file protein25.tsv (TSV, N, CA and C atoms)
chain	number	residue	atom	x	y	z
Y	1	TYR	N	-16.37	6.37	13.94
Y	1	TYR	CA	-15.57	7.16	13.06
Y	1	TYR	C	-16.15	7.04	11.67
Y	2	GLY	N	-16.40	8.15	11.00
Y	2	GLY	CA	-17.01	8.12	9.68
Y	2	GLY	C	-16.02	8.44	8.57
Y	3	ILE	N	-16.24	7.79	7.43
Y	3	ILE	CA	-15.44	8.08	6.24
Y	3	ILE	C	-16.40	8.33	5.08
Y	4	LEU	N	-15.97	9.16	4.13
Y	4	LEU	CA	-16.73	9.41	2.91
Y	4	LEU	C	-16.02	8.76	1.73
Y	5	LEU	N	-16.79	8.04	0.95
Y	5	LEU	CA	-16.24	7.39	-0.22
Y	5	LEU	C	-16.67	8.15	-1.47
Y	6	LYS	N	-16.14	7.73	-2.61
Y	6	LYS	CA	-16.38	8.46	-3.86
Y	6	LYS	C	-17.87	8.47	-4.22
Y	7	ASP	N	-18.53	7.34	-4.04
Y	7	ASP	CA	-19.95	7.23	-4.38
Y	7	ASP	C	-20.57	6.06	-3.63
Y	8	ASN	N	-21.87	5.85	-3.85
Y	8	ASN	CA	-22.55	4.77	-3.12
Y	8	ASN	C	-22.11	3.39	-3.61
Y	9	ILE	N	-21.57	3.29	-4.81
Y	9	ILE	CA	-21.06	1.99	-5.28
Y	9	ILE	C	-19.85	1.59	-4.45
Y	10	GLU	N	-18.93	2.53	-4.25
Y	10	GLU	CA	-17.77	2.26	-3.40
Y	10	GLU	C	-18.21	1.95	-1.97
Y	11	ARG	N	-19.14	2.74	-1.46
Y	11	ARG	CA	-19.61	2.55	-0.08
Y	11	ARG	C	-20.20	1.16	0.09
Y	12	ASP	N	-21.07	0.78	-0.81
Y	12	ASP	CA	-21.72	-0.53	-0.70
Y	12	ASP	C	-20.72	-1.68	-0.85
Y	13	PHE	N	-19.75	-1.52	-1.75
Y	13	PHE	CA	-18.72	-2.54	-1.92
Y	13	PHE	C	-17.91	-2.69	-0.64
Y	14	LEU	N	-17.47	-1.56	-0.07
Y	14	LEU	CA	-16.66	-1.62	1.15
Y	14	LEU	C	-17.48	-2.14	2.32
Y	15	LEU	N	-18.74	-1.77	2.41
Y	15	LEU	CA	-19.62	-2.27	3.46
Y	15	LEU	C	-19.69	-3.80	3.40
Y	16	LYS	N	-19.89	-4.34	2.20
Y	16	LYS	CA	-19.97	-5.80	2.03
Y	16	LYS	C	-18.61	-6.45	2.31
Y	17	TYR	N	-17.55	-5.86	1.79
Y	17	TYR	CA	-16.21	-6.40	1.98
Y	17	TYR	C	-15.88	-6.48	3.48
Y	18	LEU	N	-16.13	-5.39	4.20
Y	18	LEU	CA	-15.81	-5.37	5.63
Y	18	LEU	C	-16.69	-6.35	6.42
Y	19	ASP	N	-17.94	-6.50	5.99
Y	19	ASP	CA	-18.81	-7.48	6.65
Y	19	ASP	C	-18.23	-8.88	6.49
Y	20	GLU	N	-17.73	-9.20	5.31
Y	20	GLU	CA	-17.11	-10.50	5.08
Y	20	GLU	C	-15.86	-10.69	5.95
Y	21	LYS	N	-15.21	-9.60	6.30
Y	21	LYS	CA	-14.02	-9.65	7.16
Y	21	LYS	C	-14.39	-9.50	8.63
Y	22	ARG	N	-15.68	-9.52	8.92
Y	22	ARG	CA	-16.21	-9.45	10.29
Y	22	ARG	C	-15.91	-8.11	10.97
Y	23	VAL	N	-15.93	-7.05	10.17
Y	23	VAL	CA	-15.79	-5.68	10.69
Y	23	VAL	C	-17.17	-5.04	10.57
Y	24	GLU	N	-17.78	-4.74	11.71
Y	24	GLU	CA	-19.11	-4.14	11.69
Y	24	GLU	C	-19.03	-2.68	11.27
Y	25	THR	N	-19.88	-2.32	10.30
Y	25	THR	CA	-19.98	-0.95	9.82
Y	25	THR	C	-21.46	-0.62	9.67
Y	26	ARG	N	-21.73	0.63	9.39
Y	26	ARG	CA	-23.10	1.03	9.05
Y	26	ARG	C	-23.01	2.29	8.21
Y	27	ILE	N	-24.07	2.55	7.47
Y	27	ILE	CA	-24.10	3.78	6.69
Y	27	ILE	C	-24.30	4.96	7.64
Y	28	PHE	N	-23.95	6.17	7.18
Y	28	PHE	CA	-24.05	7.36	8.02
Y	28	PHE	C	-25.43	7.49	8.65
Y	29	PHE	N	-26.45	7.62	7.81
Y	29	PHE	CA	-27.81	7.85	8.27
Y	29	PHE	C	-28.75	7.75	7.08
Y	30	HIS	N	-30.02	7.68	7.38
Y	30	HIS	CA	-31.06	7.74	6.34
Y	30	HIS	C	-31.67	9.14	6.44
Y	31	PRO	N	-31.52	9.97	5.42
Y	31	PRO	CA	-32.05	11.33	5.49
Y	31	PRO	C	-33.56	11.33	5.78
Y	32	ILE	N	-33.97	12.23	6.63
Y	32	ILE	CA	-35.39	12.29	7.00
Y	32	ILE	C	-36.26	12.55	5.79
Y	33	HIS	N	-35.80	13.40	4.88
Y	33	HIS	CA	-36.66	13.78	3.76
Y	33	HIS	C	-36.95	12.64	2.78
Y	34	VAL	N	-36.24	11.52	2.90
Y	34	VAL	CA	-36.55	10.36	2.04
Y	34	VAL	C	-37.33	9.29	2.79
Y	35	GLN	N	-37.62	9.52	4.05
Y	35	GLN	CA	-38.43	8.59	4.84
Y	35	GLN	C	-39.89	8.70	4.38
Y	36	PRO	N	-40.61	7.58	4.36
Y	36	PRO	CA	-41.99	7.60	3.84
Y	36	PRO	C	-42.89	8.72	4.38
Y	37	PRO	N	-42.89	9.03	5.69
Y	37	PRO	CA	-43.81	10.08	6.15
Y	37	PRO	C	-43.51	11.47	5.58
Y	38	TYR	N	-42.28	11.68	5.09
Y	38	TYR	CA	-41.87	13.01	4.65
Y	38	TYR	C	-41.69	13.14	3.14
Y	39	GLN	N	-41.80	12.04	2.42
Y	39	GLN	CA	-41.56	12.08	0.98
Y	39	GLN	C	-42.53	13.00	0.25
Y	40	ALA	N	-43.76	13.06	0.70
Y	40	ALA	CA	-44.77	13.87	0.02
Y	40	ALA	C	-44.47	15.36	0.13
Y	41	ILE	N	-43.79	15.79	1.17
Y	41	ILE	CA	-43.52	17.22	1.34
Y	41	ILE	C	-42.14	17.63	0.84
Y	42	HIS	N	-41.34	16.65	0.44
Y	42	HIS	CA	-39.99	16.95	-0.06
Y	42	HIS	C	-40.07	17.57	-1.45
Y	43	ARG	N	-39.37	18.67	-1.64
Y	43	ARG	CA	-39.31	19.31	-2.95
Y	43	ARG	C	-38.02	18.88	-3.65
Y	44	SER	N	-38.15	18.48	-4.87
Y	44	SER	CA	-37.00	18.02	-5.65
Y	44	SER	C	-35.91	19.09	-5.71
Y	45	GLY	N	-34.67	18.64	-5.58
Y	45	GLY	CA	-33.54	19.55	-5.67
Y	45	GLY	C	-33.07	20.09	-4.34
Y	46	LEU	N	-33.90	20.00	-3.33
Y	46	LEU	CA	-33.52	20.47	-2.00
Y	46	LEU	C	-32.87	19.33	-1.23
Y	47	LEU	N	-32.02	19.68	-0.33
Y	47	LEU	CA	-31.41	18.71	0.59
Y	47	LEU	C	-30.55	17.66	-0.13
Y	48	GLU	N	-30.01	18.03	-1.27
Y	48	GLU	CA	-29.18	17.09	-2.02
Y	48	GLU	C	-27.89	16.76	-1.29
Y	49	ARG	N	-27.37	17.69	-0.52
Y	49	ARG	CA	-26.13	17.43	0.22
Y	49	ARG	C	-26.33	16.33	1.26
Y	50	SER	N	-27.47	16.35	1.95
Y	50	SER	CA	-27.70	15.31	2.95
Y	50	SER	C	-27.84	13.95	2.29
Y	51	LYS	N	-28.49	13.91	1.12
Y	51	LYS	CA	-28.60	12.64	0.39
Y	51	LYS	C	-27.23	12.16	-0.07
Y	52	ASP	N	-26.41	13.09	-0.56
Y	52	ASP	CA	-25.06	12.74	-1.00
Y	52	ASP	C	-24.24	12.16	0.15
Y	53	LEU	N	-24.28	12.80	1.31
Y	53	LEU	CA	-23.54	12.28	2.47
Y	53	LEU	C	-24.05	10.91	2.89
Y	54	ALA	N	-25.36	10.74	2.88
Y	54	ALA	CA	-25.92	9.44	3.25
Y	54	ALA	C	-25.51	8.36	2.25
Y	55	ASP	N	-25.43	8.72	0.98
Y	55	ASP	CA	-25.05	7.75	-0.06
Y	55	ASP	C	-23.58	7.34	0.01
Y	56	ARG	N	-22.72	8.24	0.48
Y	56	ARG	CA	-21.28	7.98	0.45
Y	56	ARG	C	-20.66	7.66	1.80
Y	57	GLY	N	-21.38	7.92	2.88
Y	57	GLY	CA	-20.79	7.80	4.21
Y	57	GLY	C	-20.86	6.41	4.80
Y	58	LEU	N	-19.82	6.06	5.52
Y	58	LEU	CA	-19.72	4.77	6.18
Y	58	LEU	C	-19.12	4.98	7.57
Y	59	ILE	N	-19.77	4.40	8.57
Y	59	ILE	CA	-19.28	4.50	9.94
Y	59	ILE	C	-18.48	3.25	10.28
Y	60	LEU	N	-17.27	3.45	10.76
Y	60	LEU	CA	-16.39	2.34	11.18
Y	60	LEU	C	-16.49	2.14	12.68
Y	61	PRO	N	-16.06	1.00	13.17
Y	61	PRO	CA	-16.07	0.78	14.62
Y	61	PRO	C	-15.24	1.86	15.33
Y	62	SER	N	-15.79	2.37	16.43
Y	62	SER	CA	-15.08	3.44	17.13
Y	62	SER	C	-15.27	3.36	18.64
Y	63	SER	N	-15.57	2.20	19.14
Y	63	SER	CA	-15.78	2.03	20.57
Y	63	SER	C	-14.49	2.32	21.34
Y	64	SER	N	-14.65	2.90	22.51
Y	64	SER	CA	-13.47	3.12	23.37
Y	64	SER	C	-12.91	1.79	23.85
Y	65	GLY	N	-13.67	0.71	23.69
Y	65	GLY	CA	-13.21	-0.62	24.09
Y	65	GLY	C	-12.42	-1.36	23.03
Y	66	LEU	N	-12.24	-0.74	21.86
Y	66	LEU	CA	-11.45	-1.40	20.81
Y	66	LEU	C	-9.98	-1.44	21.22
Y	67	SER	N	-9.41	-2.60	21.15
Y	67	SER	CA	-7.98	-2.71	21.46
Y	67	SER	C	-7.17	-2.15	20.29
Y	68	GLU	N	-5.90	-1.90	20.53
Y	68	GLU	CA	-5.03	-1.44	19.44
Y	68	GLU	C	-4.97	-2.48	18.34
Y	69	LEU	N	-4.99	-3.75	18.73
Y	69	LEU	CA	-4.95	-4.83	17.74
Y	69	LEU	C	-6.22	-4.78	16.88
Y	70	ASP	N	-7.37	-4.56	17.51
Y	70	ASP	CA	-8.62	-4.43	16.75
Y	70	ASP	C	-8.58	-3.23	15.81
Y	71	GLN	N	-8.07	-2.12	16.31
Y	71	GLN	CA	-7.97	-0.91	15.48
Y	71	GLN	C	-7.07	-1.17	14.27
Y	72	GLU	N	-5.96	-1.82	14.49
Y	72	GLU	CA	-5.04	-2.12	13.39
Y	72	GLU	C	-5.70	-3.04	12.37
Y	73	TYR	N	-6.50	-3.99	12.85
Y	73	TYR	CA	-7.21	-4.91	11.94
Y	73	TYR	C	-8.20	-4.13	11.08
Y	74	VAL	N	-8.98	-3.24	11.71
Y	74	VAL	CA	-9.95	-2.45	10.96
Y	74	VAL	C	-9.24	-1.61	9.91
Y	75	ILE	N	-8.18	-0.94	10.29
Y	75	ILE	CA	-7.43	-0.10	9.35
Y	75	ILE	C	-6.90	-0.93	8.19
Y	76	LYS	N	-6.32	-2.08	8.52
Y	76	LYS	CA	-5.76	-2.96	7.48
Y	76	LYS	C	-6.85	-3.40	6.50
Y	77	GLU	N	-8.01	-3.77	7.01
Y	77	GLU	CA	-9.08	-4.25	6.14
Y	77	GLU	C	-9.72	-3.12	5.34
Y	78	VAL	N	-9.80	-1.93	5.89
Y	78	VAL	CA	-10.31	-0.79	5.12
Y	78	VAL	C	-9.38	-0.51	3.95
Y	79	ILE	N	-8.09	-0.47	4.21
Y	79	ILE	CA	-7.12	-0.23	3.14
Y	79	ILE	C	-7.19	-1.34	2.10
Y	80	SER	N	-7.27	-2.58	2.54
Y	80	SER	CA	-7.37	-3.71	1.62
Y	80	SER	C	-8.65	-3.63	0.80
Y	81	GLY	N	-9.75	-3.29	1.45
Y	81	GLY	CA	-11.02	-3.15	0.74
Y	81	GLY	C	-10.98	-2.05	-0.30
Y	82	LEU	N	-10.36	-0.92	0.05
Y	82	LEU	CA	-10.24	0.18	-0.91
Y	82	LEU	C	-9.39	-0.22	-2.11
Y	83	LYS	N	-8.33	-0.99	-1.87
Y	83	LYS	CA	-7.51	-1.47	-2.98
Y	83	LYS	C	-8.32	-2.41	-3.87
Y	84	ASN	N	-9.13	-3.26	-3.27
Y	84	ASN	CA	-9.96	-4.18	-4.04
Y	84	ASN	C	-11.03	-3.43	-4.84
Y	85	ILE	N	-11.54	-2.34	-4.29
Y	85	ILE	CA	-12.51	-1.54	-5.02
Y	85	ILE	C	-11.88	-1.02	-6.31
Y	86	ARG	N	-10.69	-0.52	-6.21
Y	86	ARG	CA	-10.00	0.05	-7.37
Y	86	ARG	C	-9.79	-1.01	-8.45
Y	87	LYS	N	-9.58	-2.26	-8.05
Y	87	LYS	CA	-9.37	-3.34	-9.02
Y	87	LYS	C	-10.70	-3.79	-9.64
Y	88	THR	N	-11.77	-3.70	-8.86
Y	88	THR	CA	-13.06	-4.25	-9.27
Y	88	THR	C	-13.91	-3.26	-10.07
Y	89	ILE	N	-13.89	-2.02	-9.64
Y	89	ILE	CA	-14.80	-1.03	-10.25
Y	89	ILE	C	-14.12	-0.37	-11.43
call {"tool": "encode", "arguments": {"input": "protein25.tsv", "output": "C-alpha cells"}}
result
Amino acid sequence: YGILLKDNIERDFLLKYLDEKRVETRIFFHPIHVQPPYQAIHRSGLLERSKDLADRGLILPSSSGLSELDQEYVIKEVISGLKNIRKTI
C-alpha cells in the first residue's frame, strides 16, 4: 500500500521512524531516468512528475498475511510518525 507525503523530508523522516518501530517500508521506486545508464540522455525538465512521486512516495506493508493486529500496529505507528513529523519539522 503506497502513501504520498508532502515532500522527501517527510518521507525520509517517516521511513526512519517506522524502521525504528520495526515496520518495514520502502520508497516507491527509483525513476529510470535518474539511473546511471540513462542520466546522459535525460533532458532537464522532463519526467518531473515521476521524480516527485519517487521523492514523496512510501510503500507500507501490505501482505495478505498481515494479521489485523499487525495492520492496526502499522496504522497506529504511521499516525504517530506523522504527528511527530509535524512537531519536528
call {"tool": "residues_around", "arguments": {"input": "protein25.tsv", "residues": "Y:Leu5", "least_positions_apart": "3", "cutoff": "8 Å", "atoms": "all atoms listed in the file", "output": "list in words"}}
result
Gly2, Asn8, Ile9, Glu10, Arg11, Asp55, Arg56, Gly57 and Leu58 of chain Y
call {"tool": "select_by_dssp", "arguments": {"input": "protein25.tsv", "residues": "chain Y", "states": "strand (DSSP E or B)", "output": "ChimeraX atom specification"}}
result
/Y:2-4,26-27,57-59
call {"tool": "residues_around", "arguments": {"input": "protein25.tsv", "residues": "stretch 27-32 of chain Y", "least_positions_apart": "3", "cutoff": "8 Å", "atoms": "only N, CA and C atoms", "output": "PyMOL selection string"}}
result
chain Y and resi 2-3+15+35-39+50-51+53-60
call {"tool": "atom_distance", "arguments": {"input": "protein25.tsv", "atom1": "atom CA of Y:Ser62", "atom2": "atom CA of Y:Tyr1"}}
result
5.5 Å
call {"tool": "select_by_dssp", "arguments": {"input": "protein25.tsv", "residues": "chain Y", "states": "alpha helix (DSSP H)", "output": "PyMOL selection string"}}
result
chain Y and resi 8-20+36-39+48-56+68-88
call {"tool": "residues_near_point", "arguments": {"input": "protein25.tsv", "point": "(-10.8, -2.9, 9.3)", "cutoff": "8 Å", "atoms": "all atoms listed in the file", "output": "PyMOL selection string"}}
result
chain Y and resi 18+21-24+60-61+70-81
call {"tool": "atom_distance", "arguments": {"input": "protein25.tsv", "atom1": "atom N of Y:Lys83", "atom2": "atom C of Y:Phe13"}}
result
9.8 Å
call {"tool": "atom_distance", "arguments": {"input": "protein25.tsv", "atom1": "atom C of Y:Glu20", "atom2": "atom N of Y:Gly65"}}
result
21.2 Å
call {"tool": "closest_residue", "arguments": {"input": "protein25.tsv", "among": "Y:Glu68, Y:Leu46, Y:Asp19, Y:Leu14", "to": "Y:Leu82", "atoms": "all atoms listed in the file"}}
result
Y:Leu14
